[in-house]
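First up is the structure itself, then whatever we jot down about it.
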Amino acid sequence: MQVNRPLHRRRRGVVLTSQGLERLLAAKLSAEIAENAGSRYTLENLSERTGLSVDTLVRVLKCELGVDRETLKSCFRAFQLTLESEDYARPQVPEEEASSPQIVEPELPGGQVSLGSISYIERPPIETNCYKLIAQPGALVRIRAPRQMGKTSLIARILQHAETLGYRTLSLSFQLAHKEVFQDLDQLLRWLCINVTLGRNFTILKLEWSKGNFVNL
């Protein structure tokens, strides 16, 4: 006689332990003091530094929803840290959820997957077309897809391919820019200049318009 055993839902991903979160936040604070004049990094700054989406960073810092280990490694690498086994753990599942029959689901990575990850699903000929387009001067590539469809991972691969062509790349996110930035061209250009300068570690040169000439301040 065959006995039907309840199936339990697999716990997706891992979360930072208190030790892991403390190490990450301490390294982040040190970087803010040394590299950002003590000002706190915004989620947008952290997104550019880690290469992860803002949504993924929120999940990492809240330590409630699991992410894949490669995501945590990206966060730690951004601050010259190495992810140790004590820095992460499987998220706890409520007792009532663990004891109730559930459908088994595959464990999927959260956020951007690493460039060499087997979890990334290619969608020919999208990748090839993007690689060809960015080789053309002034090319514009617009990627549209629902959430969790791999847009961020695709963009990471496009940027990597661009670097193999000798391009200098920079990832900018407009998600956390104040809406006023998009209502004034001067503010938009200033925002772009600041983020490009910080993202590429350029020397900051403040210029202002005075009597028809740019003056160095």
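Ordered as shown in the structure tokens, chains take letters A, B, and onward, while each chain numbers its residues from 1 and ligands are numbered from 1 in the order shown.
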If you run DSSP on the backbone here, which positions in segment 102-151 of chain A get alpha helix (DSSP H)? Please write them as an NGL selection string. :A and (126-134 or 151)
Can you tell me, as a PyMOL selection string, which residues in segment 3-205 of chain A count as strand (DSSP E or B) by DSSP? chain A and resi 14-16+67+88-89
Could you check how far atom CA of Arg190 of chain A sits from atom CA of Pro137 of chain A, in Å to one decimal? 24.3 Å
Polymer residues at most 12 Å from Asp55 of chain A, only C-alpha atoms, same-chain spacing of 3 or more positions, as a PyMOL selection string: chain A and resi 43-44+46-47+51-52+58-62+65+67+71+110-112+147-148+152+173+175-176
Take the residues from that selection and write them out as a short mmCIF file (atom, residue, chain, number, x, y, z; two decimals), in the first residue's frame, keeping N, CA and C atoms.
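Generated file (out35.cif):
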```cif
data_model
loop_
_atom_site.label_atom_id
_atom_site.label_comp_id
_atom_site.auth_asym_id
_atom_site.auth_seq_id
_atom_site.Cartn_x
_atom_site.Cartn_y
_atom_site.Cartn_z
N LEU A 43 20.23 53.76 -1.76
CA LEU A 43 20.06 52.46 -2.41
C LEU A 43 20.53 52.53 -3.85
N GLU A 44 20.36 53.69 -4.46
CA GLU A 44 20.82 53.85 -5.84
C GLU A 44 22.34 53.74 -5.90
N LEU A 46 24.25 52.13 -3.81
CA LEU A 46 24.60 50.74 -3.55
C LEU A 46 24.31 49.86 -4.75
N SER A 47 23.26 50.19 -5.49
CA SER A 47 22.94 49.44 -6.71
C SER A 47 24.06 49.56 -7.73
N GLY A 51 26.08 46.30 -8.47
CA GLY A 51 25.57 45.73 -9.71
C GLY A 51 24.25 45.00 -9.52
N LEU A 52 23.60 45.19 -8.37
CA LEU A 52 22.33 44.54 -8.07
C LEU A 52 21.20 45.56 -8.18
N VAL A 58 17.09 45.64 -1.20
CA VAL A 58 16.12 45.74 -0.11
C VAL A 58 15.91 44.37 0.53
N ARG A 59 15.81 43.33 -0.29
CA ARG A 59 15.64 41.98 0.24
C ARG A 59 16.85 41.55 1.05
N VAL A 60 18.03 41.90 0.58
CA VAL A 60 19.26 41.53 1.29
C VAL A 60 19.30 42.19 2.66
N LEU A 61 19.03 43.50 2.71
CA LEU A 61 19.17 44.25 3.95
C LEU A 61 18.06 43.97 4.95
N LYS A 62 16.88 43.58 4.47
CA LYS A 62 15.77 43.27 5.39
C LYS A 62 15.93 41.90 6.03
N LEU A 65 13.44 37.78 3.17
CA LEU A 65 13.24 36.95 1.99
C LEU A 65 14.57 36.47 1.47
N VAL A 67 17.66 35.15 -0.87
CA VAL A 67 18.29 35.44 -2.16
C VAL A 67 19.35 34.37 -2.39
N THR A 71 24.28 36.58 -4.96
CA THR A 71 23.84 37.95 -4.67
C THR A 71 24.54 38.48 -3.43
N GLY A 110 17.27 34.92 -6.72
CA GLY A 110 16.59 36.21 -6.66
C GLY A 110 17.49 37.31 -7.17
N GLY A 111 16.93 38.24 -7.95
CA GLY A 111 17.73 39.34 -8.46
C GLY A 111 18.65 38.91 -9.58
N GLN A 112 19.68 39.71 -9.80
CA GLN A 112 20.62 39.45 -10.88
C GLN A 112 21.43 38.20 -10.60
N ARG A 147 8.31 41.92 -14.67
CA ARG A 147 9.23 41.72 -13.56
C ARG A 147 9.70 40.28 -13.51
N GLN A 148 10.91 40.10 -12.96
CA GLN A 148 11.50 38.78 -12.77
C GLN A 148 11.70 38.01 -14.06
N THR A 152 17.73 42.61 -15.67
CA THR A 152 18.97 43.06 -15.05
C THR A 152 20.13 42.15 -15.42
N SER A 173 20.88 53.94 -12.51
CA SER A 173 19.48 53.65 -12.25
C SER A 173 18.75 54.94 -11.91
N GLN A 175 15.70 54.91 -10.63
CA GLN A 175 14.60 54.55 -9.75
C GLN A 175 14.47 55.45 -8.53
N LEU A 176 15.61 55.83 -7.96
CA LEU A 176 15.55 56.62 -6.72
C LEU A 176 15.84 58.10 -6.91
#
```
Mind checking which residues fall within 12 Å of Ala177 of chain A, counting only C-alpha atoms, ignoring those fewer than 6 positions away in the same chain, and posting them as a compact mmCIF listing (two decimals) with N, CA and C atoms, in the first residue's frame?
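Okay, this is what ended up in result_23.txt:
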```
# COMPACT_ATOMS: atom_id res chain seq x y z
N THR A 42 22.93 55.97 -0.77
CA THR A 42 21.53 55.67 -1.05
C THR A 42 21.45 54.28 -1.66
N LEU A 43 20.23 53.76 -1.76
CA LEU A 43 20.06 52.46 -2.41
C LEU A 43 20.53 52.53 -3.85
N GLU A 44 20.36 53.69 -4.46
CA GLU A 44 20.82 53.85 -5.84
C GLU A 44 22.34 53.74 -5.90
N ASN A 45 23.05 54.37 -4.95
CA ASN A 45 24.51 54.28 -4.90
C ASN A 45 24.95 52.83 -4.71
N GLN A 183 12.12 67.16 -14.02
CA GLN A 183 11.30 68.29 -14.38
C GLN A 183 12.13 69.52 -14.74
N GLN A 187 18.88 70.35 -13.59
CA GLN A 187 19.01 69.36 -12.51
C GLN A 187 19.32 67.98 -13.07
N LEU A 188 18.68 67.63 -14.19
CA LEU A 188 18.93 66.33 -14.80
C LEU A 188 20.39 66.20 -15.24
N ARG A 190 22.93 67.91 -14.13
CA ARG A 190 23.78 67.91 -12.94
C ARG A 190 23.79 66.52 -12.30
N TRP A 191 22.59 65.91 -12.22
CA TRP A 191 22.47 64.56 -11.65
C TRP A 191 23.29 63.55 -12.46
N LEU A 192 23.19 63.66 -13.78
CA LEU A 192 23.94 62.74 -14.64
C LEU A 192 25.44 62.94 -14.46
N ASN A 195 26.64 61.48 -11.06
CA ASN A 195 26.64 60.03 -11.00
C ASN A 195 27.67 59.40 -11.92
```
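Shortest atom-to-atom contact with Arg77 of chain A among A:Ile118, A:Leu24, A:Ala89, A:Ala37: A:Leu24, counting only C-alpha atoms.
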Tell me, as a PyMOL selection string, which residues lie within 12 Å of Lys132 of chain A, counting only C-alpha atoms; anything in the same chain fewer than 3 positions away does not count. chain A and resi 125-129+135-137+139-141+158+161-162+165
For C-alpha atoms, I'd like the residues from the last selection saved as a PDB file, in the first residue's frame.
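As written to disk, selection37.pdb reads:
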```pdb
ATOM      1  CA  PRO A 125      18.226  36.014 -30.746  1.00  0.00           C
ATOM      2  CA  ILE A 126      17.797  38.768 -28.122  1.00  0.00           C
ATOM      3  CA  GLU A 127      21.347  38.546 -26.752  1.00  0.00           C
ATOM      4  CA  THR A 128      22.952  38.392 -30.197  1.00  0.00           C
ATOM      5  CA  ASN A 129      20.910  41.342 -31.472  1.00  0.00           C
ATOM      6  CA  ALA A 135      28.777  47.923 -31.601  1.00  0.00           C
ATOM      7  CA  GLN A 136      27.116  50.676 -33.656  1.00  0.00           C
ATOM      8  CA  PRO A 137      27.870  54.331 -32.725  1.00  0.00           C
ATOM      9  CA  ALA A 139      22.919  52.826 -30.698  1.00  0.00           C
ATOM     10  CA  LEU A 140      19.949  52.732 -28.309  1.00  0.00           C
ATOM     11  CA  VAL A 141      18.717  49.436 -26.888  1.00  0.00           C
ATOM     12  CA  ILE A 158      25.452  43.386 -22.502  1.00  0.00           C
ATOM     13  CA  HIS A 161      30.256  42.314 -23.894  1.00  0.00           C
ATOM     14  CA  ALA A 162      30.678  46.068 -24.372  1.00  0.00           C
ATOM     15  CA  LEU A 165      34.848  45.707 -27.314  1.00  0.00           C
TER      16      LEU A 165
END
```
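You will find atom CA of Ala78 of chain A at 18.0 Å from atom CA of Gly116 of chain A.
The spacing separating atom CA of Phe76 of chain A from atom CA of Ile121 of chain A amounts to 25.2 Å.
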Using only C-alpha atoms, determine which residues lie at most 10 Å from Arg40 of chain A, disregarding the query and same-chain residues fewer than 6 positions distant; provide the list as a ChimeraX atom specification. /A:28-29,31-33
Taking 2 positions as the minimum chain separation for residues in the same chain, which residues sit within 6 Å of segment 12-18 of chain A when counting only C-alpha atoms? Answer as a ChimeraX atom specification. /A:20-21,63,66-68,87-91,107
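Closest approach to Thr50 of chain A among A:Val196, A:Leu72, A:Leu115, A:Leu133 is made by A:Leu72 (distances from only C-alpha atoms).
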